[in-house]
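Engineer: Below you'll find the structure I mean.
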There are 2 protein chains.
Amino acid sequence: MGRQREHDAGEARATLSDVAARAGVSPSTASIAFSGQGPVSDSTKARVLAAAVELGYTGPDPLARSLRTGRSGIVGALIPRRIGTSFRDPVVIQTLDGLAEELGGSGSGLLLLSERERETDRLSLEAAPIDALVLLGCGTASLPALDVLRRRGIPVVTIEGDEGAGVANIDVDNRRGTRVLAEHLRDLGHRDVALVTLPLTTEDRLGPLSEDEIASATATIAVRRIAGARDVFPGAAGISASGSTIADGRAAGRLLLDVPESDRPTAIIAQSDLLAAGVIFAAHDLGLAVPDDLSVVGFDGIRVDELPMRLTTVAQSAQDKGAAAGRAVTELLDGGHPESRCFPVTFQAGATTGPPAS
Amino acid sequence: MGRQREHDAGEARATLSDVAARAGVSPSTASIAFSGQGPVSDSTKARVLAAAVELGYTGPDPLARSLRTGRSGIVGALIPRRIGTSFRDPVVIQTLDGLAEELGGSGSGLLLLSERERETDRLSLEAAPIDALVLLGCGTASLPALDVLRRRGIPVVTIEGDEGAGVANIDVDNRRGTRVLAEHLRDLGHRDVALVTLPLTTEDRLGPLSEDEIASATATIAVRRIAGARDVFPGAAGISASGSTIADGRAAGRLLLDVPESDRPTAIIAQSDLLAAGVIFAAHDLGLAVPDDLSVVGFDGIRVDELPMRLTTVAQSAQDKGAAAGRAVTELLDGGHPESRCFPVTFQAGATTGPPAS
DNA sequence: CTGTTAGCGCGTTCAA
DNA sequence: TTGAACGCGCTAACAG
C-alpha cells in the first residue's frame, strides 16, 4: 500500500512536470497545452503532446485537477432504497435516464448513492467528490446530510422533495393526482376504498397503515399521495407495501382482499402502477374479477406488460422529471438560480375501474 | 468562478488546519482525529471535534484526501449502451445489483459510465476519479481506453470480456450455453433454425446478420453466442436486433417470420429472454402458435412475466456475476490477484419448444 | 501520544 | 507568449 500505487510494469508514472521538462517548457505551459485554457503556440503545443506520448503520459491526473479546480465532474444521485432494489423500479430508472441524458450533455458522470447503508466507510454522502447532488424521491431522512453539503457549497436539487428546504425542487403533483383518482372512484359510486402505499420509511416493511407511522413517515411521496386520497375518502385505511414491485403489490393486495367479503374494499388506490398490477394479480388469485368485483387504480402511467388490460391511473413523465433536475443542476453549476417547478399528472382512463358490484 | 466556490452565506470555508489551530493541535493530529487512522487521546479528539463544530467544519475535503491517498472510493462501471437504455435490461440491472451489493460492503460508490457518448468533456473514462473499473459486457470497443487506465495503475475487471486482455475476467459460458440450446432444438428435429442476436456493435441497428458484420463485431457476447449456435447449425443466419428489449425482439421476429411459409424457420434462437419473448409475440401477431408452429429459445433465465408460458432457455445468475466482479475488484484494491472465472449456465426446459410442424 | 516536515499533481497568479 | 513561484487541503512519515 505504501509508496506509490502498484505498478506491475513501468516506473513511477510521469507527471505533467515531467512532460514539461522533456518538452523543454514550464509546467504551466504544458498544462495549458492540455486544457486549452490559455494561449499556446501550435509548435510548443505539439512539442508538449509529443513529449507526453514518449513518456506514456495520459493526461492530467483527475484527482489533482479536481483539487485545484474544486470540481470533479461528478453529479451524485441519491436514491432512497438499495441500489439494486431501485433498479427494479421503472420510475426510478426513467428518472435516472432523463437525468443521465441531460447530464451527459454537460459531460458529467453519475454517481449512485443510496440513502441506506449509511455505514459505508470509504464514501459517505458527506465525503463524496461530487459537484452537485440530486435527491430522487428521498424523504426527510437525509436532511442532516444535506446540511453538510450546503456548508460545503455543493448545490442540491431535489425531486419530489421537501419544498422550502432552500433548494430547487422538481415536483410532481402527487396529492392532486391521487385526488383525481379518488374522485374518479367516488364518482363511480365507491365508498369503501383502501390504500396500498409505498414504503413510508427507508425500511421495507409490509403491514397495515397506522396513523403513527404516517405521522412519522420520512417518505414524502407516500405521505402526499395518502393526503390526496384522504381529501376524498377521509381516514381511508390500507396497507403499506414493502416496496414498489408487482410482488409487493400482490402481497399487500392479499392482505387487503383475503378477508370476509363484507370486510373487503370495493376499490383500491395503489400508489404505483406496479403495486396496482400486483393488487390485480392478488385479486385474480382469490377469484375476484377486476373491475367487476374490485376497482384498482395506480400511479405513474408506466406500461405494465404483465397486465391483460390497461390500468386506470395518472401518468407522470419521470423522464422529464429527471431531465428537469439535470437542467437545474447544470444551471446551478453555472452559478444560476433555477426555480422549483411542479409537473402535472394526467388522468388515464383504463379498464380496471367500474362501479362497485353491490 | 475565480476565487472560491460561490458562498451565499459564510466566509471562506474552514480547513483542517484552521480547526487544528483553533483546537491548539497540529494539523496531522486533527487529521487523525477525523480519520481514526492513528492514536489520539480522547481529550484531544474531543477538543478537535468541538473546534470543528464551532467553525462549521464538516470533515476533510474528499478531493484533497483523494489526492493525498490516491484513492477516491469510487468504482466505475462501464456499460455498453446508453445508461437509460441499459437500465431497461434486467441482466444489466441484476449485474449492477450484485456489483453494488458487493461494493457496498467495502464502502465504495458506483460511478456509471457509458461506452457511448465518449465525447463527454468533463468526465471521460480516462479522466474519471475511479479506483477501479468494471466493464459490463463491453466488447472490444473500449480497449484503447483500457490501456490508459492500466498505465494509470487502475485495476480493471471485465464481465464477459476478452480473456487474455491481462485483466481478471468474470465470464459466462455463452458459447456452450447457446450450443446446449441448439442441440436441444436439433434433437427435437429442427433443421431450419434462425438467430436473433444482440447488437453486434455499440450502435442500435436492426437488420440481417452479415458475415462481415460478425467478423467486425465489437460485442463479444453476441459473437460467442452466435458461435455456440453455429457449432450445431453451421452458418445459421438471422437478424441482429437493435437492443435487448421485447420490442426489439418483436421487430426482429417479424422480419424473420413475416415471409412465405417455405422461407420460415421452424425454430429461432434468440440471444436473450427478452428478445425471445418479443419473437413469440411477433409469432402471435402473425397467427403462429408457439411451440406448434415455431419453437423459440432465449438466454438468461430471467422471469418474463409478459409471457403466458415458461421459456425454454439457459439460466445464468447475473447477480452472482456482478458480485464476483465486485469481489475481484475488492481483491485487486487490496493488492491481490483475483483469478478469472467462468460461470456455468443451466438448461431450463420450458414450454416454447417442440418438434417441428412438418 | 503529539508535532514537524514534506509533498500528492496540478492550475494559477504574476512578472518577464 | 512563457516561466517561476505558490498553494489547493490533506495525510504519511518520522521525530519528539
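Every chain in the C-alpha cells has a letter given in the order shown (A, B, ...), and although residue numbers restart at 1 in each chain, ligands are simply numbered from 1 in the order shown.
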Pick out the chain B residues within 6 Å of chain A. Count only C-alpha atoms. Give them as a PyMOL selection string.
Structural biologist: chain B and resi 62-64+67+73+84+97+107-108+110-112+120-123+127+129+305-306
Engineer: I need the chosen residues saved as an mmCIF file, in the first residue's frame, with N, CA and C atoms.
Structural biologist:
data_model
loop_
_atom_site.group_PDB
_atom_site.id
_atom_site.type_symbol
_atom_site.label_atom_id
_atom_site.label_comp_id
_atom_site.auth_asym_id
_atom_site.auth_seq_id
_atom_site.Cartn_x
_atom_site.Cartn_y
_atom_site.Cartn_z
ATOM 1 N N PRO B 62 -13.070 15.739 0.450
ATOM 2 C CA PRO B 62 -12.840 14.460 -0.222
ATOM 3 C C PRO B 62 -11.823 14.543 -1.356
ATOM 4 N N LEU B 63 -11.817 15.660 -2.035
ATOM 5 C CA LEU B 63 -10.898 15.792 -3.157
ATOM 6 C C LEU B 63 -9.450 15.810 -2.672
ATOM 7 N N ALA B 64 -9.198 16.618 -1.665
ATOM 8 C CA ALA B 64 -7.835 16.725 -1.144
ATOM 9 C C ALA B 64 -7.390 15.393 -0.569
ATOM 10 N N LEU B 67 -6.501 13.072 -3.360
ATOM 11 C CA LEU B 67 -5.218 13.383 -3.982
ATOM 12 C C LEU B 67 -4.088 12.807 -3.144
ATOM 13 N N GLY B 73 -12.421 6.058 -3.579
ATOM 14 C CA GLY B 73 -13.544 5.296 -3.028
ATOM 15 C C GLY B 73 -14.630 5.038 -4.054
ATOM 16 N N GLY B 84 -29.572 5.063 -19.902
ATOM 17 C CA GLY B 84 -31.007 4.849 -19.805
ATOM 18 C C GLY B 84 -31.433 3.537 -20.438
ATOM 19 N N ASP B 97 -26.739 -4.763 -9.674
ATOM 20 C CA ASP B 97 -27.234 -5.022 -8.329
ATOM 21 C C ASP B 97 -26.209 -5.824 -7.544
ATOM 22 N N GLY B 107 -17.716 -0.244 0.967
ATOM 23 C CA GLY B 107 -17.927 1.187 1.088
ATOM 24 C C GLY B 107 -17.615 2.002 -0.139
ATOM 25 N N SER B 108 -17.547 1.367 -1.263
ATOM 26 C CA SER B 108 -17.243 2.126 -2.464
ATOM 27 C C SER B 108 -18.506 2.592 -3.171
ATOM 28 N N LEU B 110 -20.520 3.786 -6.729
ATOM 29 C CA LEU B 110 -20.590 3.246 -8.081
ATOM 30 C C LEU B 110 -20.810 4.380 -9.076
ATOM 31 N N LEU B 111 -19.859 4.561 -9.955
ATOM 32 C CA LEU B 111 -19.967 5.612 -10.964
ATOM 33 C C LEU B 111 -20.302 4.987 -12.300
ATOM 34 N N LEU B 112 -21.423 5.404 -12.855
ATOM 35 C CA LEU B 112 -21.851 4.829 -14.118
ATOM 36 C C LEU B 112 -21.227 5.570 -15.287
ATOM 37 N N THR B 120 -17.927 13.106 -24.004
ATOM 38 C CA THR B 120 -18.117 13.866 -22.772
ATOM 39 C C THR B 120 -16.830 14.593 -22.419
ATOM 40 N N ASP B 121 -16.990 15.816 -22.015
ATOM 41 C CA ASP B 121 -15.807 16.610 -21.723
ATOM 42 C C ASP B 121 -15.343 16.481 -20.286
ATOM 43 N N ARG B 122 -16.262 16.761 -19.409
ATOM 44 C CA ARG B 122 -15.872 16.871 -18.012
ATOM 45 C C ARG B 122 -15.375 15.566 -17.425
ATOM 46 N N LEU B 123 -15.898 14.493 -17.950
ATOM 47 C CA LEU B 123 -15.562 13.243 -17.295
ATOM 48 C C LEU B 123 -15.468 12.119 -18.305
ATOM 49 N N ALA B 127 -10.362 10.016 -17.593
ATOM 50 C CA ALA B 127 -10.116 11.027 -16.572
ATOM 51 C C ALA B 127 -11.092 10.941 -15.411
ATOM 52 N N PRO B 129 -12.219 9.874 -11.739
ATOM 53 C CA PRO B 129 -11.514 9.608 -10.488
ATOM 54 C C PRO B 129 -11.948 8.277 -9.899
ATOM 55 N N ASP B 305 -42.591 -11.957 -17.132
ATOM 56 C CA ASP B 305 -43.989 -12.031 -16.698
ATOM 57 C C ASP B 305 -44.954 -11.905 -17.862
ATOM 58 N N GLU B 306 -44.490 -11.212 -18.892
ATOM 59 C CA GLU B 306 -45.359 -10.959 -20.027
ATOM 60 C C GLU B 306 -45.801 -12.237 -20.720
#
Engineer: Could you give me, as a tab-separated table, every chain C residue with an atom at most 7 Å from chain B, plus its closest atom pair and distance in Å to one decimal, counting only C-alpha atoms (C1' of nucleotides), rows ordered by chain then number?
Structural biologist:
residue	atom	partner	partner_atom	distance
C:DC1	C1'	B:Val40	CA	6.4
C:DT2	C1'	B:Thr29	CA	6.9
C:DG3	C1'	B:Ser26	CA	6.1
C:DC8	C1'	B:Arg68	CA	4.8
Engineer: Please identify all polymer residues within 9 Å of Thr220 in chain A, counting only C-alpha atoms (C1' of nucleotides), omitting same-chain residues fewer than 5 positions from it, and present them as a PyMOL selection string.
Structural biologist: chain A and resi 137-140+160-162+200+225
Engineer: Using only C-alpha atoms, please write the residues we just selected to a file, as a compact mmCIF listing (two decimals), in the first residue's frame.
Structural biologist:
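Everything below was put into out.txt:
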# COMPACT_ATOMS: atom_id res chain seq x y z
CA GLY A 137 -37.74 10.94 -4.19
CA CYS A 138 -35.84 10.86 -0.98
CA GLY A 139 -37.75 11.75 2.06
CA THR A 140 -36.71 13.69 5.06
CA GLU A 160 -40.29 15.32 -5.12
CA GLY A 161 -38.56 16.53 -2.03
CA ASP A 162 -39.40 18.94 0.70
CA LEU A 200 -43.23 5.12 4.45
CA ARG A 225 -50.43 10.52 -2.07
Engineer: Select from range 222-299 of chain B everything DSSP, run on the backbone, classes as strand (DSSP E or B), then give the selection as a list of chain:residue names.
Structural biologist: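 So the strand (DSSP E or B) residues in range 222-299 of chain B would be B:Gly238, B:Ile239, B:Ser240, B:Ala267, B:Ile268, B:Ile269, B:Ala270, B:Ser295, B:Val296, B:Val297.
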Engineer: Could you take the residues named above and write them with C-alpha atoms, as a short mmCIF file (atom, residue, chain, number, x, y, z; two decimals), in the first residue's frame?
Structural biologist:
data_model
loop_
_atom_site.label_atom_id
_atom_site.label_comp_id
_atom_site.auth_asym_id
_atom_site.auth_seq_id
_atom_site.Cartn_x
_atom_site.Cartn_y
_atom_site.Cartn_z
CA GLY B 238 -30.64 -14.45 -38.77
CA ILE B 239 -31.26 -10.90 -37.67
CA SER B 240 -29.29 -8.69 -35.38
CA ALA B 267 -37.13 -22.54 -34.65
CA ILE B 268 -35.49 -19.34 -33.52
CA ILE B 269 -32.57 -18.96 -31.17
CA ALA B 270 -32.85 -15.56 -29.55
CA SER B 295 -40.01 -23.15 -31.37
CA VAL B 296 -38.22 -20.34 -29.56
CA VAL B 297 -35.38 -20.36 -27.07
#
Engineer: Give me, as a ChimeraX atom specification, all polymer residues having an atom no more than 12 Å from DC14 in chain D, counting only C-alpha atoms (C1' of nucleotides) and skipping those fewer than 6 positions away in the same chain.
Structural biologist: /C:3-6
Engineer: In Å, with one decimal, what is the gap from CA of Leu286 in chain B to CA of Ile302 in chain B?
Structural biologist: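 Computed distance, CA of Leu286 in chain B to CA of Ile302 in chain B, equals 25.3 Å.
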Engineer: Per residue of chain D within 10 Å of chain A, what are the shortest atom pair and its distance in Å to one decimal, counting only C-alpha atoms (C1' of nucleotides), with rows by chain and residue number, as JSON lines?
Structural biologist:
{"residue": "D:DT1", "atom": "C1'", "partner": "A:Val40", "partner_atom": "CA", "distance": 6.9}
{"residue": "D:DT2", "atom": "C1'", "partner": "A:Thr29", "partner_atom": "CA", "distance": 7.0}
{"residue": "D:DG3", "atom": "C1'", "partner": "A:Ser26", "partner_atom": "CA", "distance": 5.9}
{"residue": "D:DA4", "atom": "C1'", "partner": "A:Ser26", "partner_atom": "CA", "distance": 8.8}
{"residue": "D:DG7", "atom": "C1'", "partner": "A:Arg68", "partner_atom": "CA", "distance": 9.3}
{"residue": "D:DC8", "atom": "C1'", "partner": "A:Arg68", "partner_atom": "CA", "distance": 5.2}
{"residue": "D:DG9", "atom": "C1'", "partner": "A:Leu67", "partner_atom": "CA", "distance": 8.1}
{"residue": "D:DA12", "atom": "C1'", "partner": "A:Gly2", "partner_atom": "CA", "distance": 8.7}
Engineer: Go ahead and write the residues just picked, N, CA and C atoms (P, O5', C5', C4', C3', O3' and C1' of nucleotides), as a short mmCIF file (atom, residue, chain, number, x, y, z; two decimals), in the first residue's frame.
Structural biologist:
data_model
loop_
_atom_site.label_atom_id
_atom_site.label_comp_id
_atom_site.auth_asym_id
_atom_site.auth_seq_id
_atom_site.Cartn_x
_atom_site.Cartn_y
_atom_site.Cartn_z
P DT D 1 0.00 34.30 -28.93
"O5'" DT D 1 1.10 33.78 -27.94
"C5'" DT D 1 2.03 32.89 -28.19
"C4'" DT D 1 3.11 33.14 -27.17
"C3'" DT D 1 3.28 31.97 -26.19
"O3'" DT D 1 4.37 31.20 -26.66
"C1'" DT D 1 3.59 34.13 -25.18
P DT D 2 4.60 29.78 -26.16
"O5'" DT D 2 5.28 30.07 -24.77
"C5'" DT D 2 6.67 30.25 -24.70
"C4'" DT D 2 7.03 30.80 -23.34
"C3'" DT D 2 7.15 29.74 -22.25
"O3'" DT D 2 8.53 29.47 -22.08
"C1'" DT D 2 6.24 31.81 -21.48
P DG D 3 8.92 28.24 -21.18
"O5'" DG D 3 9.10 28.95 -19.77
"C5'" DG D 3 10.19 29.85 -19.60
"C4'" DG D 3 10.18 30.40 -18.19
"C3'" DG D 3 10.23 29.33 -17.10
"O3'" DG D 3 11.22 29.72 -16.16
"C1'" DG D 3 8.37 30.75 -16.75
P DA D 4 11.70 28.71 -15.05
"O5'" DA D 4 11.63 29.60 -13.72
"C5'" DA D 4 11.25 30.97 -13.76
"C4'" DA D 4 10.81 31.44 -12.38
"C3'" DA D 4 10.99 30.41 -11.28
"O3'" DA D 4 11.35 31.09 -10.08
"C1'" DA D 4 8.67 30.89 -11.53
P DG D 7 1.89 30.62 -0.54
"O5'" DG D 7 0.58 29.74 -0.76
"C5'" DG D 7 -0.47 30.24 -1.59
"C4'" DG D 7 -1.35 29.07 -2.01
"C3'" DG D 7 -1.73 28.11 -0.87
"O3'" DG D 7 -3.09 27.81 -0.98
"C1'" DG D 7 -0.83 26.90 -2.65
P DC D 8 -4.00 27.50 0.22
"O5'" DC D 8 -5.16 26.64 -0.43
"C5'" DC D 8 -5.84 27.04 -1.62
"C4'" DC D 8 -6.39 25.80 -2.32
"C3'" DC D 8 -6.76 24.70 -1.34
"O3'" DC D 8 -8.17 24.73 -1.13
"C1'" DC D 8 -5.46 23.86 -3.22
P DG D 9 -8.73 25.13 0.29
"O5'" DG D 9 -8.56 23.77 1.11
"C5'" DG D 9 -9.20 22.60 0.65
"C4'" DG D 9 -8.46 21.43 1.22
"C3'" DG D 9 -8.30 21.45 2.74
"O3'" DG D 9 -9.21 20.49 3.26
"C1'" DG D 9 -6.36 20.63 1.63
P DA D 12 -2.47 8.64 5.41
"O5'" DA D 12 -0.90 8.41 5.20
"C5'" DA D 12 -0.37 8.54 3.90
"C4'" DA D 12 1.13 8.50 3.98
"C3'" DA D 12 1.69 7.47 4.94
"O3'" DA D 12 2.80 6.84 4.33
"C1'" DA D 12 2.35 9.68 5.59
#
Engineer: Could you give me, as number ranges by chain, the residues within 7 Å of range 229-235 of chain A, counting only C-alpha atoms (C1' of nucleotides) and dropping anything in the same chain fewer than 3 positions from it?
Structural biologist: A: 178-179, 182-183, 225-226
Engineer: Can you tell me how far CA of Ser242 in chain A sits from CA of Ile280 in chain A, in Å to one decimal?
Structural biologist: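 CA of Ile280 in chain A lies at a distance of 16.8 Å from CA of Ser242 in chain A.
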